[in-house]
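Visitor: Encoded as structure tokens, here's the structure I'll be asking about.
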Amino acid sequence: MSSVRKVTENLYWVGVNDKRLHLFENIHPIPRGVSYNSYVLLDEKSVLFDTVDWSGCREFLHHVKEVLDGRSLDYLVINHMEPDHAASMEEVLIRYPNCKVISNEKAFLFMRQFGFDLDGRMIEVKEGDTFCFGKHTVTFVFAQMVHWPEAMVTFDMTNGVLFSADAFGSFGSLDGKLFDDEVNFDRDWIDDARRYFCNIVGKYGPFVQQLLKKASTVPIKMFCPLHGPVWRNDLGYYLDKHDKWSRYEPEEKGVLIVYASMYGNTEAAAQALASKLCEKGICNVAVYDVSVTHVSYLVAEAFKYSHIVLASCTYNLQIYPMMYDFLHHLKILNFQKRTFGIIENGTWAIKAGDLMRSFIEHELKECLVLDEQVSVNSSMKESNKTELDALADALIDSIQK
Ligand code: FEO
């Protein structure tokens, strides 16, 4: 008895869940854990699609052995060489000495870099090549930069299953529920799915768009990603989310307010703006303290909302460091197409506002900063209330356009 699950006829999930890892890629918190998915196809030939992180290797090998039930393993398809999926391949090759590895030239280069000895066991495929395992014939579709340059996806032309590598994945441990129709995705998963996409593949939106275009030319019935649920029901819902995220289009009209406050005065201004927006009828407002919330969550919320207000105190004549870190993450993730508002604060030299404006205008693509800026000198005064009103009105005008 194990956690192996049948995906569809002759196809089995043999992945593992990881609830012990604190930081994915040693950066992103994953309080709900993560799954490393891997699949076995039992056809005339037996095929394993990708492996799992080293931490789950022992359990994974048990799963593979259980499904093979005495058969040998003929092929291992590696769609993505990143170690959270490929680290266990060496153990697979030791246990199944006749197994050949199917992958592409760049992936084989990376395998050599990681120190894997594949002498005589490599079958190199190119974009559009097909391979027959018996009843099932697959084709290989390159998915460059989703999320590494060697990434590819494998489409089973016989049953419509797309082994989609990192695409259509999510943070979160499966805990027995393998399929999208076994979970309440929009309630329990979407925030982690967005956070996964934006922080892991968000930078490569144009490449995701290329893959979505290729995907639209084949009759996909199921996404089998390397993380998170398998999609067999509402594929359109998830495709639409990925289309929006990869075009850097917001999901919702609303205001994300992120503040950096040392003694509570900048926080008070941020909260006052939130109240004003709600009073004026815009209630889709989310407020975060940049010092409390991990930047991966802030990035995901930035992808979600149409408007962003940054409220920062001045620190060493600069933007508050954690606010600067948030902006830096937006820049390196290619974040774009938003309208920003600014609240600044300072006691003896107010600099944060001009510096944030300059960063947004020069470092982020297609972003607009509203003229109506709030400048707080230590604590909010009567004049700030007028400025806050003006900023709230400008945000509402922009939202309602
Ligand atoms: Fe889940 Fe790019 O590895």
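Starting from 1 in every chain, residues are counted up; chains themselves are A, B, ... following the order of the structure tokens, and ligands are numbered from 1 as listed.
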Please, which residues of range 29-202 of chain A, numbered as in this document, come out strand (DSSP E or B) from DSSP, as a PyMOL selection string?
Guide: chain A and resi 29+34-36+39-42+46-49+75-77+100-103+122-124+130-132+137-142+152-156+161-163+172+179
Visitor: Which residues of chain A sit at most 12 Å from ligand 1, using only C-alpha atoms and all ligand atoms? Give each one's shortest atom pair and distance in Å (one decimal place), in chain and ascending residue order, as CSV.
Guide:
residue,atom,partner,partner_atom_place_in_ligand_line,distance
A:Phe24,CA,ligand 1,1 (Fe),9.2
A:Glu25,CA,ligand 1,3 (O),8.9
A:Val34,CA,ligand 1,1 (Fe),9.7
A:Ser35,CA,ligand 1,1 (Fe),9.3
A:Tyr36,CA,ligand 1,1 (Fe),7.6
A:Asn37,CA,ligand 1,1 (Fe),9.3
A:Ser38,CA,ligand 1,1 (Fe),11.4
A:Asp50,CA,ligand 1,1 (Fe),10.8
A:Thr51,CA,ligand 1,1 (Fe),10.8
A:Val52,CA,ligand 1,1 (Fe),9.3
A:Asp53,CA,ligand 1,1 (Fe),9.1
A:Ile78,CA,ligand 1,3 (O),11.8
A:Asn79,CA,ligand 1,3 (O),10.1
A:His80,CA,ligand 1,2 (Fe),6.9
A:Met81,CA,ligand 1,3 (O),7.7
A:Glu82,CA,ligand 1,3 (O),5.1
A:Pro83,CA,ligand 1,3 (O),7.1
A:Asp84,CA,ligand 1,1 (Fe),5.6
A:His85,CA,ligand 1,1 (Fe),6.3
A:Ala86,CA,ligand 1,3 (O),8.9
A:Ala87,CA,ligand 1,3 (O),10.8
A:Ala143,CA,ligand 1,2 (Fe),11.5
A:Gln144,CA,ligand 1,2 (Fe),11.3
A:Met145,CA,ligand 1,2 (Fe),9.1
A:Val146,CA,ligand 1,2 (Fe),7.4
A:His147,CA,ligand 1,2 (Fe),5.2
A:Trp148,CA,ligand 1,2 (Fe),6.3
A:Pro149,CA,ligand 1,2 (Fe),10.0
A:Glu150,CA,ligand 1,2 (Fe),10.2
A:Ala151,CA,ligand 1,2 (Fe),8.2
A:Met152,CA,ligand 1,2 (Fe),11.1
A:Ser164,CA,ligand 1,1 (Fe),10.9
A:Ala165,CA,ligand 1,1 (Fe),7.4
A:Asp166,CA,ligand 1,1 (Fe),5.3
A:Ala167,CA,ligand 1,1 (Fe),8.9
A:Phe168,CA,ligand 1,1 (Fe),10.7
A:Gly169,CA,ligand 1,1 (Fe),8.1
A:Ser170,CA,ligand 1,1 (Fe),9.1
A:Phe171,CA,ligand 1,1 (Fe),9.5
A:Tyr196,CA,ligand 1,1 (Fe),9.5
A:Phe197,CA,ligand 1,1 (Fe),10.5
A:Asn199,CA,ligand 1,2 (Fe),11.0
A:Ile200,CA,ligand 1,2 (Fe),7.3
A:Val201,CA,ligand 1,2 (Fe),8.1
A:Gly202,CA,ligand 1,2 (Fe),11.9
A:Tyr204,CA,ligand 1,2 (Fe),12.0
A:Pro225,CA,ligand 1,1 (Fe),9.2
A:Leu226,CA,ligand 1,1 (Fe),6.3
A:His227,CA,ligand 1,1 (Fe),6.6
A:Gly228,CA,ligand 1,1 (Fe),10.2
Visitor: Between A:Ile396, A:Ala390, A:Ile123, A:Leu235, single out the one closest to Gly254 in chain A, counting only C-alpha atoms.
Guide: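 Counting only C-alpha atoms, the residue closest to Gly254 in chain A is A:Ile396.
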Visitor: Go through A:Arg338, A:Arg5, A:His28, A:Lys45 and flag the residue nearest Thr137 in chain A, using only C-alpha atoms for the distances.
Guide: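 Ranked by minimum distance to Thr137 in chain A, first place goes to A:Lys45.
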Visitor: Using only C-alpha atoms, which residues sit within 12 Å of Asp389 in chain A once same-chain residues fewer than 2 positions away are excluded, as a list in words?
Guide: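 Skipping anything fewer than 2 positions along the chain leaves Ala269, Ala272, Leu273, Ala274, Ser275, Lys276, Leu277, Cys278, Glu279, Lys280, Glu372, Gln373, Val374, Glu382, Ser383, Asn384, Lys385, Thr386, Glu387, Leu391, Ala392, Asp393, Ala394, Leu395 and Ile396 of chain A.
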Visitor: Taking only C-alpha atoms into account, which of A:Asp289, A:Asp192, A:Glu251, A:Asp180 comes nearest Phe303 in chain A?
Guide: A:Glu251
Visitor: Any idea what's packed within 8 Å of Asp181 in chain A, counting only C-alpha atoms, ignoring anything in its chain fewer than 5 positions away? Could you give it as a short mmCIF file (atom, residue, chain, number, x, y, z; two decimals) with C-alpha atoms, in the first residue's frame?
Guide:
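To be explicit, this is the file written out as around19.cif:
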data_model
loop_
_atom_site.label_atom_id
_atom_site.label_comp_id
_atom_site.auth_asym_id
_atom_site.auth_seq_id
_atom_site.Cartn_x
_atom_site.Cartn_y
_atom_site.Cartn_z
CA TRP A 231 -5.60 18.83 -14.63
CA ARG A 232 -8.31 16.73 -16.28
CA ASN A 233 -11.41 18.85 -15.78
CA ASP A 234 -11.35 22.63 -16.14
#
Visitor: Any chance you could list, as a VMD selection string, the residues in range 150-214 of chain A that come up alpha helix (DSSP H) when DSSP is run on the backbone?
Guide: chain A and resid 190 to 196 205 to 214
Visitor: Find the residue from A:Ala270, A:Leu61, A:Ala260, A:Leu23 that sits nearest to Ser296 in chain A; use only C-alpha atoms when measuring.
Guide: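 That would be A:Leu23, the residue with the smallest distance to Ser296 in chain A.
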Visitor: With only C-alpha atoms as the basis for distance, which of A:Arg58, A:Lys106, A:Arg112, A:His328 is at the shortest distance from Glu91 in chain A?
Guide: A:Arg58
Visitor: Rounded to one decimal in Å, what is the spacing between CA of Tyr324 in chain A and CA of Gln400 in chain A?
Guide: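 According to the coordinates, CA of Tyr324 in chain A and CA of Gln400 in chain A are separated by 29.1 Å.
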Visitor: Give me the residues near range 334-336 of chain A as a PyMOL selection string, where near means some atom within 7 Å (using only C-alpha atoms) and where sequence neighbours in that chain fewer than 6 positions away do not count.
Guide: chain A and resi 203+248+364-367
